[in-house]
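Participant: query06.cif is the file, holding mmCIF, C-alpha atoms:
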```cif
data_entry
#
loop_
_atom_site.group_PDB
_atom_site.id
_atom_site.type_symbol
_atom_site.label_atom_id
_atom_site.label_comp_id
_atom_site.auth_asym_id
_atom_site.auth_seq_id
_atom_site.Cartn_x
_atom_site.Cartn_y
_atom_site.Cartn_z
ATOM 1 C CA LYS A 1 -14.928 42.993 -75.092
ATOM 2 C CA ALA A 2 -14.083 44.261 -78.577
ATOM 3 C CA LEU A 3 -16.935 44.076 -81.076
ATOM 4 C CA HIS A 4 -14.811 44.344 -84.219
ATOM 5 C CA ALA A 5 -17.817 45.860 -85.993
ATOM 6 C CA PRO A 6 -17.041 46.893 -89.565
ATOM 7 C CA SER A 7 -17.580 50.516 -90.561
ATOM 8 C CA LEU A 8 -20.546 50.934 -92.867
ATOM 9 C CA CYS A 9 -19.383 54.292 -94.195
ATOM 10 C CA GLN A 10 -16.209 56.142 -95.024
ATOM 11 C CA THR A 11 -14.772 58.373 -92.329
ATOM 12 C CA HIS A 12 -12.810 61.526 -93.070
ATOM 13 C CA LEU A 13 -11.147 63.778 -90.523
ATOM 14 C CA VAL A 14 -11.589 67.466 -91.234
ATOM 15 C CA ASN A 15 -9.641 70.015 -89.210
ATOM 16 C CA SER A 16 -11.696 73.148 -88.692
ATOM 17 C CA ASP A 17 -11.860 76.145 -86.428
ATOM 18 C CA LEU A 18 -15.565 75.841 -85.656
ATOM 19 C CA SER A 19 -15.730 79.478 -84.587
ATOM 20 C CA SER A 20 -14.504 80.735 -87.986
ATOM 21 C CA GLY A 21 -17.691 80.229 -90.021
ATOM 22 C CA THR A 22 -15.832 78.174 -92.653
ATOM 23 C CA LEU A 23 -17.086 74.694 -91.765
ATOM 24 C CA ASP A 24 -19.264 74.367 -94.864
ATOM 25 C CA LYS A 25 -16.377 75.307 -97.177
ATOM 26 C CA GLU A 26 -14.017 72.884 -95.437
ATOM 27 C CA LEU A 27 -16.540 70.042 -95.603
ATOM 28 C CA ILE A 28 -17.124 70.618 -99.318
ATOM 29 C CA GLU A 29 -13.347 70.545 -99.903
ATOM 30 C CA ALA A 30 -13.280 67.191 -98.064
ATOM 31 C CA LYS A 31 -15.935 65.823 -100.479
ATOM 32 C CA TYR A 32 -18.797 65.991 -97.973
ATOM 33 C CA ASP A 33 -22.108 65.179 -99.680
ATOM 34 C CA ALA A 34 -24.768 67.489 -98.243
ATOM 35 C CA SER A 35 -27.483 65.584 -100.141
ATOM 36 C CA LEU A 36 -27.139 62.617 -97.761
ATOM 37 C CA PRO A 37 -28.533 62.552 -94.198
ATOM 38 C CA THR A 38 -25.877 63.303 -91.588
ATOM 39 C CA LEU A 39 -25.583 62.785 -87.846
ATOM 40 C CA TRP A 40 -24.041 65.836 -86.174
ATOM 41 C CA LEU A 41 -22.720 65.382 -82.640
ATOM 42 C CA MET A 42 -21.951 68.592 -80.748
ATOM 43 C CA GLU A 43 -21.138 67.570 -77.211
ATOM 44 C CA GLY A 44 -19.049 69.776 -74.926
ATOM 45 C CA LEU A 45 -18.587 72.337 -77.700
ATOM 46 C CA LEU A 46 -21.049 75.213 -77.792
ATOM 47 C CA MET A 47 -20.303 76.532 -74.322
ATOM 48 C CA TYR A 48 -16.705 77.231 -75.384
ATOM 49 C CA ILE A 49 -17.500 79.575 -78.268
ATOM 50 C CA SER A 50 -19.378 82.879 -78.254
ATOM 51 C CA LEU A 51 -23.138 82.978 -78.751
ATOM 52 C CA ASP A 52 -22.699 84.565 -82.193
ATOM 53 C CA GLU A 53 -20.284 81.765 -83.165
ATOM 54 C CA GLN A 54 -22.779 79.191 -81.867
ATOM 55 C CA PHE A 55 -25.492 80.592 -84.148
ATOM 56 C CA THR A 56 -23.072 80.690 -87.096
ATOM 57 C CA LEU A 57 -22.165 77.045 -86.492
ATOM 58 C CA LEU A 58 -25.827 76.006 -86.165
ATOM 59 C CA HIS A 59 -26.637 77.822 -89.412
ATOM 60 C CA SER A 60 -23.742 76.084 -91.205
ATOM 61 C CA VAL A 61 -24.762 72.668 -89.900
ATOM 62 C CA SER A 62 -28.382 73.260 -90.859
ATOM 63 C CA SER A 63 -27.524 74.462 -94.361
ATOM 64 C CA MET A 64 -25.351 71.359 -94.884
ATOM 65 C CA SER A 65 -28.025 68.942 -93.640
ATOM 66 C CA ALA A 66 -30.301 66.941 -95.898
ATOM 67 C CA LYS A 67 -33.789 65.856 -94.933
ATOM 68 C CA GLY A 68 -33.445 62.953 -92.502
ATOM 69 C CA SER A 69 -30.344 64.373 -90.786
ATOM 70 C CA SER A 70 -30.082 64.360 -87.004
ATOM 71 C CA ALA A 71 -28.162 66.450 -84.504
ATOM 72 C CA MET A 72 -27.353 65.843 -80.847
ATOM 73 C CA ILE A 73 -26.452 69.182 -79.294
ATOM 74 C CA ASN A 74 -25.215 69.645 -75.740
ATOM 75 C CA PHE A 75 -25.578 73.192 -74.433
ATOM 76 C CA LEU A 76 -25.226 75.079 -71.177
ATOM 77 C CA GLU A 77 -28.294 77.145 -70.328
ATOM 78 C CA SER A 78 -27.428 79.590 -67.586
ATOM 79 C CA SER A 79 -30.039 80.488 -65.003
ATOM 80 C CA VAL A 80 -27.886 83.413 -63.817
ATOM 81 C CA GLU A 81 -29.582 86.481 -65.311
ATOM 82 C CA SER A 82 -26.368 88.452 -65.855
ATOM 83 C CA HIS A 83 -24.878 85.521 -67.793
ATOM 84 C CA SER A 84 -27.903 84.088 -69.600
ATOM 85 C CA ALA A 85 -27.786 86.603 -72.478
ATOM 86 C CA GLN A 86 -24.352 85.219 -73.426
ATOM 87 C CA CYS A 87 -25.422 81.550 -73.351
ATOM 88 C CA MET A 88 -27.449 79.293 -75.584
ATOM 89 C CA SER A 89 -30.894 78.431 -74.285
ATOM 90 C CA ALA A 90 -33.580 75.997 -75.347
ATOM 91 C CA ALA A 91 -35.638 78.883 -76.750
ATOM 92 C CA LYS A 92 -32.682 80.321 -78.698
ATOM 93 C CA LEU A 93 -31.704 76.927 -80.071
ATOM 94 C CA LYS A 94 -35.258 76.176 -81.174
ATOM 95 C CA SER A 95 -35.589 79.617 -82.776
ATOM 96 C CA ALA A 96 -32.392 78.949 -84.759
ATOM 97 C CA LEU A 97 -33.305 75.461 -86.001
ATOM 98 C CA GLU A 98 -37.086 75.075 -86.166
ATOM 99 C CA PRO A 99 -37.556 77.700 -88.944
ATOM 100 C CA GLN A 100 -34.985 75.739 -90.974
ATOM 101 C CA GLY A 101 -37.102 72.569 -90.816
ATOM 102 C CA TRP A 102 -35.840 70.871 -87.664
ATOM 103 C CA ASP A 103 -37.865 69.140 -84.949
ATOM 104 C CA VAL A 104 -36.106 69.956 -81.665
ATOM 105 C CA VAL A 105 -36.676 68.098 -78.384
ATOM 106 C CA ILE A 106 -34.885 69.352 -75.267
ATOM 107 C CA HIS A 107 -33.731 67.011 -72.493
ATOM 108 C CA ARG A 108 -32.276 68.204 -69.184
ATOM 109 C CA PHE A 109 -30.105 66.228 -66.812
ATOM 110 C CA GLY A 110 -32.377 64.901 -64.113
ATOM 111 C CA GLU A 111 -35.432 64.433 -66.336
ATOM 112 C CA PRO A 112 -36.470 60.793 -66.908
ATOM 113 C CA SER A 113 -35.099 60.948 -70.478
ATOM 114 C CA LEU A 114 -31.630 62.023 -69.246
ATOM 115 C CA ASN A 115 -31.248 60.514 -65.807
ATOM 116 C CA PHE A 116 -29.971 56.928 -66.031
ATOM 117 C CA GLY A 117 -30.412 56.489 -62.269
ATOM 118 C CA ARG A 118 -27.572 58.893 -61.486
ATOM 119 C CA PHE A 119 -29.513 62.005 -60.538
ATOM 120 C CA PRO A 120 -30.819 62.521 -56.987
ATOM 121 C CA ALA A 121 -34.612 62.282 -56.888
ATOM 122 C CA ASN A 122 -34.917 65.218 -54.471
ATOM 123 C CA ILE A 123 -33.251 67.747 -56.848
ATOM 124 C CA SER A 124 -34.919 69.480 -59.801
ATOM 125 C CA PRO A 125 -33.562 68.852 -63.314
ATOM 126 C CA LYS A 126 -30.702 71.167 -64.287
ATOM 127 C CA PRO A 127 -30.853 73.430 -67.370
ATOM 128 C CA GLU A 128 -27.095 73.901 -67.067
ATOM 129 C CA TRP A 129 -26.728 70.422 -68.545
ATOM 130 C CA SER A 130 -29.047 70.212 -71.527
ATOM 131 C CA PHE A 131 -29.232 68.220 -74.730
ATOM 132 C CA ALA A 132 -31.233 68.928 -77.847
ATOM 133 C CA VAL A 133 -32.177 65.974 -80.041
ATOM 134 C CA CYS A 134 -32.941 67.355 -83.491
ATOM 135 C CA HIS A 135 -34.282 65.777 -86.678
ATOM 136 C CA LYS A 136 -34.526 67.577 -90.000
ATOM 137 C CA LYS A 137 -37.884 67.132 -91.736
#
```
Give the structure from this file in structure tokens form.
Facilitator:
Amino acid sequence: KALHAPSLCQTHLVNSDLSSGTLDKELIEAKYDASLPTLWLMEGLLMYISLDEQFTLLHSVSSMSAKGSSAMINFLESSVESHSAQCMSAAKLKSALEPQGWDVVIHRFGEPSLNFGRFPANISPKPEWSFAVCHKK
């Protein structure tokens, strides 16, 4: 059933190569107001760019975020030792955002906070499917 809910804010599409490190410049050109709280949604994104590009993107997002901003960040944390150095992890994500004033809470698929009755009770939660819920203080 359609809700027909009116938009309470203006929406602008901004084309950007998120691995290029130019997101902040492109947002400013699109009249983005970094003084206002923003909700950043990064789902199904980080695992497709290099770890260095992930940190560059997180730094850009953080520098463009006012107090009161939030971010929902999906990341793939590899438990395979030979691959884990190339992947984001909860510790790496926290070390990138917490010094910049973010509270970061990690949720893993299978934990009560990220289960929704679809995860088998006899299997441990999976770090390969993780979400960070972040709020800038």
Participant: Could you state which residues are captured by the PyMOL selection byres ((chain A and resi 71-81) around 12) in this file, as a PyMOL selection string?
Facilitator: chain A and resi 37-49+51+54+57-58+61-62+64-70+82-94+97+102-109+114+126-136
Participant: Between CA of Glu29 in chain A and CA of Gln10 in chain A, what is the distance in Å, rounded to a tenth?
Facilitator: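 Separation between CA of Glu29 in chain A and CA of Gln10 in chain A: 15.5 Å.
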Participant: What is the CA of Ser95 in chain A-CA of Ile28 in chain A distance in Å, reported with one decimal?
Facilitator: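 Straight-line distance from CA of Ser95 in chain A to CA of Ile28 in chain A works out to 26.4 Å.
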Participant: Rank A:Ser7, A:Ser35, A:Ser60, A:Ser50 by their smallest atom-to-atom distance to Gly21 in chain A, using only C-alpha atoms, and report the top residue only.
Facilitator: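 Once distances to Gly21 in chain A are computed over only C-alpha atoms, the minimum belongs to A:Ser60.
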Participant: What would the selection look like, as a list in words, if the PyMOL selection byres ((chain A and resi 16) around 12) were run on the coordinates I just shared?
Facilitator: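 Selection result, ordered by chain and number: Leu13, Val14, Asn15, Asp17, Leu18, Ser19, Ser20, Gly21, Thr22, Leu23, Asp24, Lys25, Glu26, Leu27, Glu29, Ala30 and Leu57 of chain A.
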Participant: Give the padded box for range 34-41 of chain A as AutoDock Vina command-line options: axis-aligned, covering all atoms listed in the file, 5 Å on each side, centre and edge lengths in Å to one decimal.
Facilitator:
```
--center_x -25.6 --center_y 65.0 --center_z -91.4 --size_x 15.8 --size_y 14.9 --size_z 27.5
```
Participant: Expressed in Å to a single decimal, how great is the separation between CA of Lys31 in chain A and CA of His59 in chain A?
Facilitator: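 Between these atoms lies a distance of 19.5 Å.
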Participant: Please complete range 56-78 of chain A with N, CA, C and O atoms and give it back as a PDB file, keeping the file's coordinate frame.
Facilitator:
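And here's rebuild-v3.pdb as it stands now:
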```
ATOM      1  N   THR A  56     -23.706  80.889 -85.790  1.00  0.00           N
ATOM      2  CA  THR A  56     -23.072  80.690 -87.096  1.00  0.00           C
ATOM      3  C   THR A  56     -22.857  79.208 -87.357  1.00  0.00           C
ATOM      4  O   THR A  56     -23.136  78.706 -88.457  1.00  0.00           O
ATOM      5  N   LEU A  57     -22.382  78.481 -86.352  1.00  0.00           N
ATOM      6  CA  LEU A  57     -22.165  77.045 -86.492  1.00  0.00           C
ATOM      7  C   LEU A  57     -23.483  76.313 -86.730  1.00  0.00           C
ATOM      8  O   LEU A  57     -23.582  75.455 -87.614  1.00  0.00           O
ATOM      9  N   LEU A  58     -24.517  76.648 -85.973  1.00  0.00           N
ATOM     10  CA  LEU A  58     -25.827  76.006 -86.165  1.00  0.00           C
ATOM     11  C   LEU A  58     -26.369  76.275 -87.563  1.00  0.00           C
ATOM     12  O   LEU A  58     -26.934  75.379 -88.201  1.00  0.00           O
ATOM     13  N   HIS A  59     -26.181  77.498 -88.051  1.00  0.00           N
ATOM     14  CA  HIS A  59     -26.637  77.822 -89.412  1.00  0.00           C
ATOM     15  C   HIS A  59     -25.869  76.995 -90.449  1.00  0.00           C
ATOM     16  O   HIS A  59     -26.459  76.469 -91.393  1.00  0.00           O
ATOM     17  N   SER A  60     -24.553  76.878 -90.276  1.00  0.00           N
ATOM     18  CA  SER A  60     -23.742  76.084 -91.205  1.00  0.00           C
ATOM     19  C   SER A  60     -24.183  74.626 -91.203  1.00  0.00           C
ATOM     20  O   SER A  60     -24.368  74.020 -92.260  1.00  0.00           O
ATOM     21  N   VAL A  61     -24.342  74.067 -90.019  1.00  0.00           N
ATOM     22  CA  VAL A  61     -24.762  72.668 -89.900  1.00  0.00           C
ATOM     23  C   VAL A  61     -26.128  72.475 -90.552  1.00  0.00           C
ATOM     24  O   VAL A  61     -26.342  71.524 -91.309  1.00  0.00           O
ATOM     25  N   SER A  62     -27.049  73.391 -90.292  1.00  0.00           N
ATOM     26  CA  SER A  62     -28.382  73.260 -90.859  1.00  0.00           C
ATOM     27  C   SER A  62     -28.351  73.358 -92.373  1.00  0.00           C
ATOM     28  O   SER A  62     -29.012  72.577 -93.070  1.00  0.00           O
ATOM     29  N   SER A  63     -27.575  74.289 -92.901  1.00  0.00           N
ATOM     30  CA  SER A  63     -27.524  74.462 -94.361  1.00  0.00           C
ATOM     31  C   SER A  63     -26.850  73.283 -95.054  1.00  0.00           C
ATOM     32  O   SER A  63     -27.087  73.050 -96.233  1.00  0.00           O
ATOM     33  N   MET A  64     -26.050  72.515 -94.317  1.00  0.00           N
ATOM     34  CA  MET A  64     -25.351  71.359 -94.884  1.00  0.00           C
ATOM     35  C   MET A  64     -26.082  70.050 -94.584  1.00  0.00           C
ATOM     36  O   MET A  64     -25.535  68.975 -94.809  1.00  0.00           O
ATOM     37  N   SER A  65     -27.300  70.136 -94.069  1.00  0.00           N
ATOM     38  CA  SER A  65     -28.025  68.942 -93.640  1.00  0.00           C
ATOM     39  C   SER A  65     -29.194  68.630 -94.565  1.00  0.00           C
ATOM     40  O   SER A  65     -30.076  69.465 -94.763  1.00  0.00           O
ATOM     41  N   ALA A  66     -29.188  67.409 -95.066  1.00  0.00           N
ATOM     42  CA  ALA A  66     -30.301  66.941 -95.898  1.00  0.00           C
ATOM     43  C   ALA A  66     -31.469  66.526 -95.008  1.00  0.00           C
ATOM     44  O   ALA A  66     -31.311  66.294 -93.804  1.00  0.00           O
ATOM     45  N   LYS A  67     -32.628  66.414 -95.627  1.00  0.00           N
ATOM     46  CA  LYS A  67     -33.789  65.856 -94.933  1.00  0.00           C
ATOM     47  C   LYS A  67     -33.391  64.492 -94.378  1.00  0.00           C
ATOM     48  O   LYS A  67     -32.707  63.721 -95.045  1.00  0.00           O
ATOM     49  N   GLY A  68     -33.791  64.223 -93.136  1.00  0.00           N
ATOM     50  CA  GLY A  68     -33.445  62.953 -92.502  1.00  0.00           C
ATOM     51  C   GLY A  68     -32.202  63.041 -91.633  1.00  0.00           C
ATOM     52  O   GLY A  68     -31.859  62.083 -90.949  1.00  0.00           O
ATOM     53  N   SER A  69     -31.526  64.189 -91.641  1.00  0.00           N
ATOM     54  CA  SER A  69     -30.344  64.373 -90.786  1.00  0.00           C
ATOM     55  C   SER A  69     -30.774  64.508 -89.331  1.00  0.00           C
ATOM     56  O   SER A  69     -31.918  64.871 -89.033  1.00  0.00           O
ATOM     57  N   SER A  70     -29.840  64.225 -88.436  1.00  0.00           N
ATOM     58  CA  SER A  70     -30.082  64.360 -87.004  1.00  0.00           C
ATOM     59  C   SER A  70     -28.918  65.110 -86.376  1.00  0.00           C
ATOM     60  O   SER A  70     -27.805  65.088 -86.897  1.00  0.00           O
ATOM     61  N   ALA A  71     -29.208  65.756 -85.258  1.00  0.00           N
ATOM     62  CA  ALA A  71     -28.162  66.450 -84.504  1.00  0.00           C
ATOM     63  C   ALA A  71     -28.405  66.231 -83.018  1.00  0.00           C
ATOM     64  O   ALA A  71     -29.536  66.308 -82.552  1.00  0.00           O
ATOM     65  N   MET A  72     -27.333  65.931 -82.309  1.00  0.00           N
ATOM     66  CA  MET A  72     -27.353  65.843 -80.847  1.00  0.00           C
ATOM     67  C   MET A  72     -26.502  67.008 -80.364  1.00  0.00           C
ATOM     68  O   MET A  72     -25.309  67.068 -80.657  1.00  0.00           O
ATOM     69  N   ILE A  73     -27.130  67.942 -79.662  1.00  0.00           N
ATOM     70  CA  ILE A  73     -26.452  69.182 -79.294  1.00  0.00           C
ATOM     71  C   ILE A  73     -26.507  69.376 -77.784  1.00  0.00           C
ATOM     72  O   ILE A  73     -27.578  69.528 -77.202  1.00  0.00           O
ATOM     73  N   ASN A  74     -25.349  69.377 -77.171  1.00  0.00           N
ATOM     74  CA  ASN A  74     -25.215  69.645 -75.740  1.00  0.00           C
ATOM     75  C   ASN A  74     -25.008  71.153 -75.576  1.00  0.00           C
ATOM     76  O   ASN A  74     -24.208  71.752 -76.288  1.00  0.00           O
ATOM     77  N   PHE A  75     -25.757  71.758 -74.679  1.00  0.00           N
ATOM     78  CA  PHE A  75     -25.578  73.192 -74.433  1.00  0.00           C
ATOM     79  C   PHE A  75     -25.762  73.506 -72.960  1.00  0.00           C
ATOM     80  O   PHE A  75     -26.388  72.762 -72.221  1.00  0.00           O
ATOM     81  N   LEU A  76     -25.170  74.608 -72.559  1.00  0.00           N
ATOM     82  CA  LEU A  76     -25.226  75.079 -71.177  1.00  0.00           C
ATOM     83  C   LEU A  76     -26.194  76.237 -71.134  1.00  0.00           C
ATOM     84  O   LEU A  76     -25.937  77.279 -71.742  1.00  0.00           O
ATOM     85  N   GLU A  77     -27.319  76.061 -70.475  1.00  0.00           N
ATOM     86  CA  GLU A  77     -28.294  77.145 -70.328  1.00  0.00           C
ATOM     87  C   GLU A  77     -28.137  77.730 -68.935  1.00  0.00           C
ATOM     88  O   GLU A  77     -28.425  77.071 -67.949  1.00  0.00           O
ATOM     89  N   SER A  78     -27.679  78.949 -68.871  1.00  0.00           N
ATOM     90  CA  SER A  78     -27.428  79.590 -67.586  1.00  0.00           C
ATOM     91  C   SER A  78     -28.708  80.148 -66.995  1.00  0.00           C
ATOM     92  O   SER A  78     -29.502  80.790 -67.680  1.00  0.00           O
TER      93      SER A  78
END
```
